[in-house]
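Shown next: protein38.cif, containing mmCIF, C-alpha atoms.
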```cif
data_my_file
loop_
_atom_site.group_PDB
_atom_site.id
_atom_site.type_symbol
_atom_site.label_atom_id
_atom_site.label_comp_id
_atom_site.auth_asym_id
_atom_site.auth_seq_id
_atom_site.Cartn_x
_atom_site.Cartn_y
_atom_site.Cartn_z
ATOM 1 C CA MET T 6 26.010 3.014 -31.904
ATOM 2 C CA ASN T 7 26.497 0.562 -29.036
ATOM 3 C CA ASP T 8 27.165 1.386 -25.388
ATOM 4 C CA GLU T 9 30.929 0.895 -25.644
ATOM 5 C CA GLN T 10 31.212 3.323 -28.541
ATOM 6 C CA ILE T 11 29.218 5.934 -26.648
ATOM 7 C CA ILE T 12 31.414 5.426 -23.580
ATOM 8 C CA GLU T 13 34.507 5.975 -25.716
ATOM 9 C CA ARG T 14 33.034 9.224 -26.985
ATOM 10 C CA VAL T 15 32.253 10.374 -23.450
ATOM 11 C CA LEU T 16 35.749 9.488 -22.263
ATOM 12 C CA ARG T 17 37.221 11.458 -25.155
ATOM 13 C CA GLY T 18 35.457 14.520 -23.745
ATOM 14 C CA ASP T 19 32.047 14.480 -25.430
ATOM 15 C CA ALA T 20 30.016 14.622 -22.197
ATOM 16 C CA ASP T 21 26.851 15.288 -24.163
ATOM 17 C CA ALA T 22 26.967 11.763 -25.573
ATOM 18 C CA TYR T 23 26.214 10.520 -22.066
ATOM 19 C CA ARG T 24 22.614 11.563 -22.676
ATOM 20 C CA LEU T 25 22.271 8.608 -25.064
ATOM 21 C CA LEU T 26 23.304 6.221 -22.305
ATOM 22 C CA VAL T 27 20.920 7.842 -19.836
ATOM 23 C CA GLU T 28 18.003 7.638 -22.238
ATOM 24 C CA ARG T 29 18.808 4.027 -23.081
ATOM 25 C CA HIS T 30 19.072 2.786 -19.494
ATOM 26 C CA GLU T 31 16.901 5.133 -17.428
ATOM 27 C CA ARG T 32 13.909 2.779 -17.411
ATOM 28 C CA SER T 33 15.829 -0.224 -16.181
ATOM 29 C CA VAL T 34 17.648 1.747 -13.469
ATOM 30 C CA PHE T 35 14.453 3.486 -12.425
ATOM 31 C CA GLY T 36 12.519 0.211 -12.365
ATOM 32 C CA PHE T 37 15.190 -1.478 -10.301
ATOM 33 C CA VAL T 38 15.478 1.376 -7.799
ATOM 34 C CA HIS T 39 11.692 1.600 -7.565
ATOM 35 C CA GLY T 40 11.486 -2.101 -6.791
ATOM 36 C CA MET T 41 14.125 -1.789 -4.108
ATOM 37 C CA VAL T 42 13.131 1.471 -2.458
ATOM 38 C CA ARG T 43 9.529 2.173 -3.538
ATOM 39 C CA ASN T 44 9.351 5.586 -1.948
ATOM 40 C CA VAL T 45 8.771 7.760 -5.005
ATOM 41 C CA SER T 46 10.509 10.829 -3.618
ATOM 42 C CA ASP T 47 13.702 8.817 -3.126
ATOM 43 C CA VAL T 48 13.541 6.813 -6.357
ATOM 44 C CA GLU T 49 14.405 9.586 -8.828
ATOM 45 C CA ASP T 50 17.103 10.998 -6.561
ATOM 46 C CA LEU T 51 18.707 7.600 -6.192
ATOM 47 C CA ALA T 52 18.451 6.873 -9.915
ATOM 48 C CA GLN T 53 20.105 10.224 -10.583
ATOM 49 C CA GLU T 54 22.878 9.384 -8.100
ATOM 50 C CA VAL T 55 23.432 6.111 -9.947
ATOM 51 C CA PHE T 56 23.890 7.847 -13.294
ATOM 52 C CA MET T 57 26.175 10.479 -11.785
ATOM 53 C CA ALA T 58 28.317 7.846 -10.069
ATOM 54 C CA ALA T 59 28.523 5.951 -13.362
ATOM 55 C CA PHE T 60 29.575 9.122 -15.194
ATOM 56 C CA LYS T 61 32.285 9.934 -12.664
ATOM 57 C CA ASN T 62 33.656 6.386 -12.748
ATOM 58 C CA LEU T 63 33.181 5.731 -16.439
ATOM 59 C CA GLY T 64 36.930 5.389 -16.864
ATOM 60 C CA SER T 65 36.953 2.330 -14.612
ATOM 61 C CA PHE T 66 34.275 0.527 -16.646
ATOM 62 C CA ASP T 67 35.677 -2.573 -18.304
ATOM 63 C CA ALA T 68 33.541 -3.835 -21.184
ATOM 64 C CA ARG T 69 35.314 -7.228 -21.093
ATOM 65 C CA ARG T 70 34.064 -7.897 -17.582
ATOM 66 C CA ALA T 71 30.411 -6.873 -17.849
ATOM 67 C CA LYS T 72 27.860 -5.168 -20.001
ATOM 68 C CA PHE T 73 27.265 -1.489 -19.266
ATOM 69 C CA SER T 74 23.684 -2.221 -18.176
ATOM 70 C CA THR T 75 24.922 -4.815 -15.684
ATOM 71 C CA TRP T 76 27.570 -2.429 -14.373
ATOM 72 C CA LEU T 77 24.942 0.281 -13.990
ATOM 73 C CA LEU T 78 22.619 -2.064 -12.091
ATOM 74 C CA THR T 79 25.499 -3.081 -9.819
ATOM 75 C CA ILE T 80 25.979 0.582 -8.928
ATOM 76 C CA ALA T 81 22.221 0.913 -8.454
ATOM 77 C CA HIS T 82 22.207 -2.130 -6.187
ATOM 78 C CA ASN T 83 25.007 -0.731 -4.020
ATOM 79 C CA ARG T 84 23.340 2.656 -3.790
ATOM 80 C CA CYS T 85 19.997 1.097 -2.829
ATOM 81 C CA CYS T 86 21.610 -1.110 -0.189
ATOM 82 C CA ASN T 87 23.372 1.897 1.328
ATOM 83 C CA HIS T 88 20.146 3.881 1.239
ATOM 84 C CA LEU T 89 18.160 1.093 2.907
ATOM 85 C CA LYS T 90 20.846 0.615 5.551
ATOM 86 C CA ARG T 91 20.851 4.339 6.304
ATOM 87 C CA ARG T 92 17.077 4.244 6.498
ATOM 88 C CA SER T 93 17.007 1.257 8.819
ATOM 89 C CA GLN T 94 19.606 2.929 11.014
ATOM 90 C CA ARG T 95 17.298 5.892 11.325
ATOM 91 C CA SER T 96 14.529 3.301 11.879
ATOM 92 C CA SER T 97 12.054 5.427 10.014
ATOM 93 C CA ASP T 98 11.664 3.074 7.082
ATOM 94 C CA MET T 99 9.013 1.020 8.821
ATOM 95 C CA ASN T 100 6.882 4.051 9.527
ATOM 96 C CA GLU T 101 7.407 5.575 6.134
ATOM 97 C CA VAL T 102 4.393 5.705 3.903
ATOM 98 C CA MET T 103 5.211 3.423 1.041
ATOM 99 C CA SER T 104 3.571 4.609 -2.082
ATOM 100 C CA GLY T 105 3.840 3.261 -5.559
ATOM 101 C CA LEU T 106 3.634 5.402 -8.634
ATOM 102 C CA PRO T 107 0.086 6.197 -9.589
ATOM 103 C CA SER T 108 -0.802 4.062 -12.541
ATOM 104 C CA PRO T 109 -3.874 4.528 -14.689
ATOM 105 C CA ASP T 110 -4.149 0.763 -15.106
ATOM 106 C CA LYS T 111 -4.377 0.255 -11.400
ATOM 107 C CA ALA T 112 -8.057 -0.291 -11.086
ATOM 108 C CA THR T 113 -9.511 -0.568 -7.639
ATOM 109 C CA ALA T 114 -9.917 -4.288 -8.183
ATOM 110 C CA ASN T 115 -6.234 -4.805 -8.741
ATOM 111 C CA ARG T 116 -5.016 -2.279 -6.241
ATOM 112 C CA GLU T 117 -5.431 -4.475 -3.223
ATOM 113 C CA THR T 118 -3.660 -7.377 -4.895
ATOM 114 C CA TRP T 119 -0.860 -5.196 -6.234
ATOM 115 C CA ASP T 120 -0.422 -3.509 -2.864
ATOM 116 C CA ARG T 121 -0.217 -6.846 -1.112
ATOM 117 C CA LEU T 122 2.398 -8.026 -3.588
ATOM 118 C CA ASP T 123 4.316 -4.761 -3.216
ATOM 119 C CA GLU T 124 4.221 -5.161 0.522
ATOM 120 C CA ALA T 125 5.402 -8.757 0.277
ATOM 121 C CA LEU T 126 8.265 -7.659 -1.964
ATOM 122 C CA ASN T 127 9.145 -4.915 0.459
ATOM 123 C CA ASN T 128 9.210 -7.347 3.361
ATOM 124 C CA MET T 129 11.718 -9.635 1.669
ATOM 125 C CA SER T 130 15.372 -9.464 2.614
ATOM 126 C CA ILE T 131 17.480 -7.136 0.469
ATOM 127 C CA GLU T 132 19.272 -10.120 -1.084
ATOM 128 C CA GLN T 133 16.059 -11.926 -2.011
ATOM 129 C CA ARG T 134 14.452 -8.748 -3.311
ATOM 130 C CA THR T 135 17.497 -7.881 -5.421
ATOM 131 C CA ALA T 136 17.621 -11.307 -7.029
ATOM 132 C CA PHE T 137 13.889 -11.272 -7.717
ATOM 133 C CA ILE T 138 13.819 -7.765 -9.191
ATOM 134 C CA LEU T 139 16.840 -8.385 -11.373
ATOM 135 C CA ALA T 140 15.478 -11.678 -12.663
ATOM 136 C CA GLU T 141 11.782 -10.934 -12.971
ATOM 137 C CA ILE T 142 11.452 -7.196 -13.484
ATOM 138 C CA GLN T 143 14.727 -6.436 -15.225
ATOM 139 C CA GLN T 144 14.686 -9.875 -16.884
ATOM 140 C CA ILE T 145 18.432 -10.347 -16.548
ATOM 141 C CA PRO T 146 19.690 -13.926 -17.012
ATOM 142 C CA VAL T 147 20.370 -15.746 -13.748
ATOM 143 C CA ALA T 148 23.999 -16.403 -14.692
ATOM 144 C CA GLU T 149 24.543 -12.680 -15.166
ATOM 145 C CA ILE T 150 22.957 -11.915 -11.777
ATOM 146 C CA ALA T 151 25.221 -14.497 -10.164
ATOM 147 C CA ALA T 152 28.265 -12.861 -11.764
ATOM 148 C CA MET T 153 27.029 -9.429 -10.784
ATOM 149 C CA GLU T 154 26.536 -10.352 -7.143
ATOM 150 C CA GLY T 155 29.518 -12.685 -6.954
ATOM 151 C CA LEU T 156 27.337 -15.588 -5.872
ATOM 152 C CA PRO T 157 26.967 -19.197 -6.986
ATOM 153 C CA LEU T 158 24.252 -19.793 -9.578
ATOM 154 C CA GLY T 159 22.320 -22.066 -7.206
ATOM 155 C CA THR T 160 22.124 -19.393 -4.510
ATOM 156 C CA VAL T 161 20.613 -16.885 -6.911
ATOM 157 C CA LYS T 162 18.142 -19.460 -8.251
ATOM 158 C CA SER T 163 17.028 -20.434 -4.768
ATOM 159 C CA ARG T 164 16.600 -16.782 -3.768
ATOM 160 C CA ILE T 165 14.405 -16.163 -6.790
ATOM 161 C CA SER T 166 12.286 -19.247 -6.254
ATOM 162 C CA ARG T 167 11.888 -18.457 -2.548
ATOM 163 C CA ALA T 168 10.778 -14.945 -3.452
ATOM 164 C CA LYS T 169 8.235 -16.311 -5.940
ATOM 165 C CA GLU T 170 6.990 -18.776 -3.373
ATOM 166 C CA ARG T 171 6.515 -15.972 -0.902
ATOM 167 C CA LEU T 172 4.490 -13.954 -3.382
ATOM 168 C CA ARG T 173 2.322 -16.962 -4.242
ATOM 169 C CA ARG T 174 1.719 -17.561 -0.543
ATOM 170 C CA GLU T 175 0.740 -13.922 -0.144
ATOM 171 C CA LEU T 176 -1.789 -14.249 -2.974
ATOM 172 C CA LYS T 177 -3.235 -17.412 -1.490
ATOM 173 C CA ASP T 178 -3.657 -15.657 1.858
ATOM 174 C CA LEU T 179 -5.432 -12.828 0.080
ATOM 175 C CA GLU T 180 -7.692 -15.278 -1.741
ATOM 176 C CA SER T 181 -8.667 -17.095 1.423
ATOM 177 C CA ALA T 182 -9.315 -13.799 3.203
ATOM 178 C CA GLU T 183 -11.581 -12.730 0.337
ATOM 179 C CA THR T 184 -13.382 -16.070 0.312
ATOM 180 C CA ASP T 185 -13.990 -15.757 4.052
ATOM 181 C CA ARG T 186 -15.345 -12.244 3.599
ATOM 182 C CA MET T 187 -17.648 -13.416 0.793
ATOM 183 C CA GLY T 188 -18.895 -16.326 2.877
ATOM 184 C CA GLU T 189 -20.067 -14.093 5.707
ATOM 185 C CA GLU T 190 -23.801 -13.936 6.203
ATOM 186 C CA PRO T 191 -25.415 -10.525 5.570
ATOM 187 C CA PRO T 192 -26.803 -8.881 8.667
ATOM 188 C CA ASP T 193 -30.379 -9.804 9.485
ATOM 189 C CA ARG T 194 -32.408 -6.787 8.546
ATOM 190 C CA ARG T 195 -35.780 -8.397 8.776
ATOM 191 C CA THR T 196 -38.143 -6.186 10.676
ATOM 192 C CA SER T 197 -41.227 -7.392 12.454
ATOM 193 C CA PRO T 198 -44.552 -6.292 11.008
ATOM 194 C CA MET W 5 -45.528 -5.889 -0.019
ATOM 195 C CA THR W 6 -44.571 -7.204 3.389
ATOM 196 C CA ASN W 7 -41.964 -5.596 5.527
ATOM 197 C CA THR W 8 -39.703 -8.600 5.049
ATOM 198 C CA VAL W 9 -39.754 -8.294 1.253
ATOM 199 C CA ARG W 10 -39.232 -4.549 1.493
ATOM 200 C CA ALA W 11 -36.244 -5.067 3.756
ATOM 201 C CA ALA W 12 -34.844 -7.706 1.403
ATOM 202 C CA LYS W 13 -35.244 -5.382 -1.573
ATOM 203 C CA ALA W 14 -33.567 -2.573 0.323
ATOM 204 C CA TRP W 15 -30.632 -4.841 1.200
ATOM 205 C CA THR W 16 -30.235 -6.368 -2.277
ATOM 206 C CA PRO W 17 -28.712 -3.369 -4.146
ATOM 207 C CA ALA W 18 -26.267 -2.728 -1.345
ATOM 208 C CA CYS W 19 -25.369 -6.381 -1.298
ATOM 209 C CA SER W 20 -24.905 -6.632 -5.035
ATOM 210 C CA GLU W 21 -22.693 -3.542 -5.074
ATOM 211 C CA ASP W 22 -20.655 -4.951 -2.263
ATOM 212 C CA CYS W 23 -20.492 -8.333 -3.953
ATOM 213 C CA ARG W 24 -19.503 -6.772 -7.242
ATOM 214 C CA ALA W 25 -16.629 -4.979 -5.560
ATOM 215 C CA LYS W 26 -15.596 -8.210 -3.905
ATOM 216 C CA ARG W 27 -15.951 -10.146 -7.131
ATOM 217 C CA LYS W 28 -13.573 -7.708 -8.838
ATOM 218 C CA ILE W 29 -10.890 -8.559 -6.328
ATOM 219 C CA VAL W 30 -11.685 -12.234 -6.574
ATOM 220 C CA ILE W 31 -11.328 -12.095 -10.361
ATOM 221 C CA VAL W 32 -7.679 -11.275 -9.842
ATOM 222 C CA ALA W 33 -7.076 -13.607 -6.982
ATOM 223 C CA GLU W 34 -9.480 -16.431 -7.832
ATOM 224 C CA PRO W 35 -8.157 -19.925 -7.162
ATOM 225 C CA PHE W 36 -8.867 -21.087 -10.715
ATOM 226 C CA MET W 37 -6.913 -18.173 -12.064
ATOM 227 C CA ASN W 38 -3.285 -19.141 -11.889
ATOM 228 C CA THR W 39 -1.424 -17.221 -9.199
ATOM 229 C CA ASN W 40 1.496 -17.052 -11.617
ATOM 230 C CA GLU W 41 -0.713 -15.126 -14.029
ATOM 231 C CA THR W 42 -1.558 -12.623 -11.312
ATOM 232 C CA ILE W 43 2.102 -12.217 -10.464
ATOM 233 C CA GLU W 44 2.879 -11.837 -14.155
ATOM 234 C CA MET W 45 0.279 -9.074 -14.435
ATOM 235 C CA TRP W 46 1.831 -7.324 -11.453
ATOM 236 C CA LEU W 47 5.316 -7.724 -12.902
ATOM 237 C CA ALA W 48 4.183 -6.362 -16.269
ATOM 238 C CA GLU W 49 2.840 -3.351 -14.406
ATOM 239 C CA LYS W 50 6.213 -2.909 -12.699
ATOM 240 C CA ARG W 51 8.105 -3.202 -15.982
ATOM 241 C CA LYS W 52 6.065 -0.321 -17.371
ATOM 242 C CA LEU W 53 7.389 2.092 -14.731
ATOM 243 C CA ALA W 54 9.339 4.992 -16.155
ATOM 244 C CA PRO W 55 10.911 8.101 -14.692
ATOM 245 C CA SER W 56 9.524 11.560 -15.331
ATOM 246 C CA THR W 57 10.066 13.039 -18.776
ATOM 247 C CA ASN W 58 12.697 15.550 -17.651
ATOM 248 C CA PHE W 59 14.746 12.896 -15.854
ATOM 249 C CA SER W 60 17.513 12.729 -18.479
ATOM 250 C CA GLN W 61 17.622 16.539 -18.599
ATOM 251 C CA ARG W 62 18.148 16.660 -14.847
ATOM 252 C CA ILE W 63 20.994 14.189 -15.105
ATOM 253 C CA MET W 64 22.608 16.032 -17.996
ATOM 254 C CA ALA W 65 22.437 19.274 -16.011
ATOM 255 C CA SER W 66 24.296 17.549 -13.157
ATOM 256 C CA VAL W 67 26.765 16.080 -15.650
ATOM 257 C CA GLU W 68 27.485 19.536 -17.076
ATOM 258 C CA GLN W 69 28.005 20.902 -13.563
ATOM 259 C CA SER W 70 30.352 18.043 -12.777
ATOM 260 C CA VAL W 71 32.314 18.592 -16.005
ATOM 261 C CA ALA W 72 32.582 22.328 -15.281
ATOM 262 C CA SER W 73 33.830 21.766 -11.739
ATOM 263 C CA ARG W 74 36.224 19.070 -12.967
ATOM 264 C CA SER W 75 37.764 21.428 -15.514
ATOM 265 C CA THR W 76 38.166 24.084 -12.817
ATOM 266 C CA VAL W 77 39.903 21.553 -10.594
ATOM 267 C CA SER W 78 42.125 20.343 -13.419
ATOM 268 C CA LYS W 79 43.169 23.936 -14.078
ATOM 269 C CA ALA W 80 43.994 24.473 -10.427
ATOM 270 C CA PHE W 81 45.811 21.196 -9.847
ATOM 271 C CA PRO W 82 48.648 21.485 -12.407
ATOM 272 C CA GLN W 83 49.657 24.849 -10.903
ATOM 273 C CA GLN W 84 49.681 23.316 -7.489
ATOM 274 C CA SER W 85 51.641 20.298 -8.602
ATOM 275 C CA LEU W 86 54.077 22.502 -10.495
ATOM 276 C CA SER W 87 54.735 24.629 -7.442
ATOM 277 C CA THR W 88 55.028 21.501 -5.330
ATOM 278 C CA SER W 89 57.355 19.842 -7.797
ATOM 279 C CA GLN W 90 59.514 22.984 -7.812
ATOM 280 C CA SER W 91 59.554 23.682 -4.104
ATOM 281 C CA VAL W 92 60.112 20.184 -2.715
ATOM 282 C CA PRO W 93 63.421 19.462 -4.502
ATOM 283 C CA TYR W 94 64.571 22.996 -3.725
ATOM 284 C CA TRP W 95 64.151 22.548 0.014
ATOM 285 C CA VAL W 96 65.546 19.030 -0.007
ATOM 286 C CA THR W 97 68.556 20.107 -2.052
ATOM 287 C CA SER W 98 69.155 23.117 0.168
ATOM 288 C CA ALA W 99 69.093 21.025 3.313
ATOM 289 C CA ALA W 100 71.409 18.456 1.745
ATOM 290 C CA VAL W 101 73.880 21.164 0.679
ATOM 291 C CA ILE W 102 73.946 22.680 4.162
ATOM 292 C CA VAL W 103 74.542 19.307 5.812
ATOM 293 C CA CYS W 104 77.260 18.371 3.308
ATOM 294 C CA THR W 105 79.024 21.702 3.741
ATOM 295 C CA MET W 106 79.085 21.369 7.503
ATOM 296 C CA ARG W 107 80.358 17.796 7.350
ATOM 297 C CA THR W 108 83.075 18.787 4.861
ATOM 298 C CA ALA W 109 84.153 21.710 7.014
ATOM 299 C CA CYS W 110 84.440 19.464 10.044
ATOM 300 C CA PHE W 111 86.441 16.943 8.073
ATOM 301 C CA LEU W 112 88.815 19.578 6.706
ATOM 302 C CA GLN W 113 89.241 21.098 10.116
ATOM 303 C CA MET W 114 90.190 17.694 11.467
ATOM 304 C CA LEU W 115 92.747 17.280 8.666
ATOM 305 C CA ILE W 116 94.208 20.751 8.944
ATOM 306 C CA GLU W 117 94.464 20.880 12.704
ATOM 307 C CA PRO W 118 97.958 19.652 13.705
ATOM 308 C CA ALA W 119 97.982 16.690 15.980
ATOM 309 C CA ARG W 120 99.403 17.378 19.368
ATOM 310 C CA GLU W 121 102.680 15.483 19.786
ATOM 311 C CA TYR W 122 104.123 14.068 22.978
ATOM 312 C CA SER W 123 107.813 14.426 23.799
ATOM 313 C CA VAL W 124 109.076 11.275 25.394
ATOM 314 C CA VAL W 125 112.333 13.009 26.459
ATOM 315 C CA ALA W 126 110.676 15.945 28.091
ATOM 316 C CA GLN W 127 107.805 13.814 29.326
ATOM 317 C CA LYS W 128 105.522 16.620 28.148
ATOM 318 C CA MET W 129 103.444 17.625 25.201
ATOM 319 C CA ILE W 130 105.696 19.333 22.623
ATOM 320 C CA SER W 131 103.670 22.510 22.830
ATOM 321 C CA GLU W 132 104.480 22.682 26.528
ATOM 322 C CA VAL W 133 108.249 22.255 26.056
ATOM 323 C CA PRO W 134 109.984 25.642 26.237
ATOM 324 C CA ASN W 135 112.094 26.555 23.270
ATOM 325 C CA VAL W 136 115.720 26.192 24.192
ATOM 326 C CA GLU W 137 117.998 28.266 22.053
#
```

Would you kindly transcribe this structure into structure tokens?
Amino acid sequence: MNDEQIIERVLRGDADAYRLLVERHERSVFGFVHGMVRNVSDVEDLAQEVFMAAFKNLGSFDARRAKFSTWLLTIAHNRCCNHLKRRSQRSSDMNEVMSGLPSPDKATANRETWDRLDEALNNMSIEQRTAFILAEIQQIPVAEIAAMEGLPLGTVKSRISRAKERLRRELKDLESAETDRMGEEPPDRRTSP
Amino acid sequence: MTNTVRAAKAWTPACSEDCRAKRKIVIVAEPFMNTNETIEMWLAEKRKLAPSTNFSQRIMASVEQSVASRSTVSKAFPQQSLSTSQSVPYWVTSAAVIVCTMRTACFLQMLIEPAREYSVVAQKMISEVPNVE
């Protein structure tokens, strides 16, 4: 059963069928919101808001204009932007402890690199971050992102490449910092007899 | 064993541990390892992220609540709209009837009321001319 058929069922009054849509798209919405917001306590709440907003406005969804997943991510994008704006108005976002989800694969060796990349992603503008997350994490085609955001294709492409460039630069900085640390002479511990 | 050698031996394990830790980081961020590969590894990690297991249950609970409240509202609204649809025309019609009645009465009164006539001979209004038998 495809998304459109499920939506029809939901609109006919079978609200329980919405569970299928949630289960099918929860990872992509969660991943997107996590990339945008990163604060774990807010991520699930925001993702839930996205699904509730989609449920309430399901009647306005037009399958000829966009795929359901794209429509859902557009809602997620709007919600995240509003959330980030509210946060920046309260000016507490900068002081907030940004924590990623604990991952068993995150070995100590990778943690520093991952954290630096997370930080770099977090420091990007909302527009750049959105384009990057949609293209690289959600793996949505660039043309679809352009349609979703109402932007020319070239603008989206340049945002993505600028974001990638920024991440590469961040890694290079990390490398050179590590090389410098490695190159440091150990302290002279020689003791006189 | 001289003091120098002893000191060197004492430093070596600490150094190697430290170096090993550093090397681990360098393995990820080494220049010969493509930065794109590192970013890809990070992205793969991000793609693996998933919400908690009861996430869909939480949403469905909210959906059920929303459906329940919507049905309550839909029960309440038709009554309200019915009463509105009944009362509005009633008041409008009543007001229109009152206005029309008053205007008609005025018009009839104007028609019924005899016009006062002026007597050119008596140089007076007819009502003021005394009846002469």

Answer key for the PyMOL selection byres ((chain W and resi 46) around 9), residues as a CSV table (one decimal) with C-alpha atoms, in the frame of the given file:
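For reference, result.csv as written:
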```csv
chain,number,residue,atom,x,y,z
T,115,ASN,CA,-6.2,-4.8,-8.7
T,118,THR,CA,-3.7,-7.4,-4.9
T,119,TRP,CA,-0.9,-5.2,-6.2
T,122,LEU,CA,2.4,-8.0,-3.6
T,123,ASP,CA,4.3,-4.8,-3.2
W,41,GLU,CA,-0.7,-15.1,-14.0
W,42,THR,CA,-1.6,-12.6,-11.3
W,43,ILE,CA,2.1,-12.2,-10.5
W,44,GLU,CA,2.9,-11.8,-14.2
W,45,MET,CA,0.3,-9.1,-14.4
W,47,LEU,CA,5.3,-7.7,-12.9
W,48,ALA,CA,4.2,-6.4,-16.3
W,49,GLU,CA,2.8,-3.4,-14.4
W,50,LYS,CA,6.2,-2.9,-12.7
W,51,ARG,CA,8.1,-3.2,-16.0
```

Practice task
Run through the PyMOL selection byres ((chain T and resi 37-54) around 8) on the given coordinates and return the selected residues as a PyMOL selection string.
Solution key: (chain T and resi 31+33-36+55-58+78+81-82+84-85+89+102-106+127+131+134-135+138-139+142-143) or (chain W and resi 50+55+59+62-63)

Give me a file of those residues, with C-alpha atoms, as a short mmCIF file (atom, residue, chain, number, x, y, z; two decimals), in the coordinates of the input.
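part.cif, written as the output of this step:
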```
data_model
loop_
_atom_site.label_atom_id
_atom_site.label_comp_id
_atom_site.auth_asym_id
_atom_site.auth_seq_id
_atom_site.Cartn_x
_atom_site.Cartn_y
_atom_site.Cartn_z
CA GLU T 31 16.90 5.13 -17.43
CA SER T 33 15.83 -0.22 -16.18
CA VAL T 34 17.65 1.75 -13.47
CA PHE T 35 14.45 3.49 -12.42
CA GLY T 36 12.52 0.21 -12.36
CA VAL T 55 23.43 6.11 -9.95
CA PHE T 56 23.89 7.85 -13.29
CA MET T 57 26.18 10.48 -11.78
CA ALA T 58 28.32 7.85 -10.07
CA LEU T 78 22.62 -2.06 -12.09
CA ALA T 81 22.22 0.91 -8.45
CA HIS T 82 22.21 -2.13 -6.19
CA ARG T 84 23.34 2.66 -3.79
CA CYS T 85 20.00 1.10 -2.83
CA LEU T 89 18.16 1.09 2.91
CA VAL T 102 4.39 5.70 3.90
CA MET T 103 5.21 3.42 1.04
CA SER T 104 3.57 4.61 -2.08
CA GLY T 105 3.84 3.26 -5.56
CA LEU T 106 3.63 5.40 -8.63
CA ASN T 127 9.14 -4.92 0.46
CA ILE T 131 17.48 -7.14 0.47
CA ARG T 134 14.45 -8.75 -3.31
CA THR T 135 17.50 -7.88 -5.42
CA ILE T 138 13.82 -7.76 -9.19
CA LEU T 139 16.84 -8.38 -11.37
CA ILE T 142 11.45 -7.20 -13.48
CA GLN T 143 14.73 -6.44 -15.22
CA LYS W 50 6.21 -2.91 -12.70
CA PRO W 55 10.91 8.10 -14.69
CA PHE W 59 14.75 12.90 -15.85
CA ARG W 62 18.15 16.66 -14.85
CA ILE W 63 20.99 14.19 -15.10
#
```

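Interatomic distance, atom CA of Asn128 of chain T to atom CA of Ile145 of chain T: 22.1 Å.
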
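In terms of minimum interatomic distance to Phe73 of chain T, T:Ile12 ranks closest within T:Ile12, T:Ala20, T:Met6, T:Leu25, counting all atoms listed in the file.
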
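Interatomic distance, atom CA of Ala148 of chain T to atom CA of Thr160 of chain T: 10.8 Å.
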
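Our summary of the geometry notes that atom CA of Phe60 of chain T is positioned 18.2 Å from atom CA of Asn58 of chain W.
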
Completion exercise
Shortest contact to Val67 of chain W, candidates T:Asp8, T:Asp19, T:Glu13, T:Gly159, atoms counted all atoms listed in the file, goes to T:Asp19

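Nearest residue to chain T among W:Ser60, W:Met129, W:Asn38, W:Ala65 is W:Ser60, counting all atoms listed in the file.
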
Practice task
Choose the residue, out of W:Thr39, W:Leu53, W:Phe111, W:Met64, that has the smallest atom-to-atom separation from Tyr23 of chain T; count only C-alpha atoms.
Solution key: W:Met64
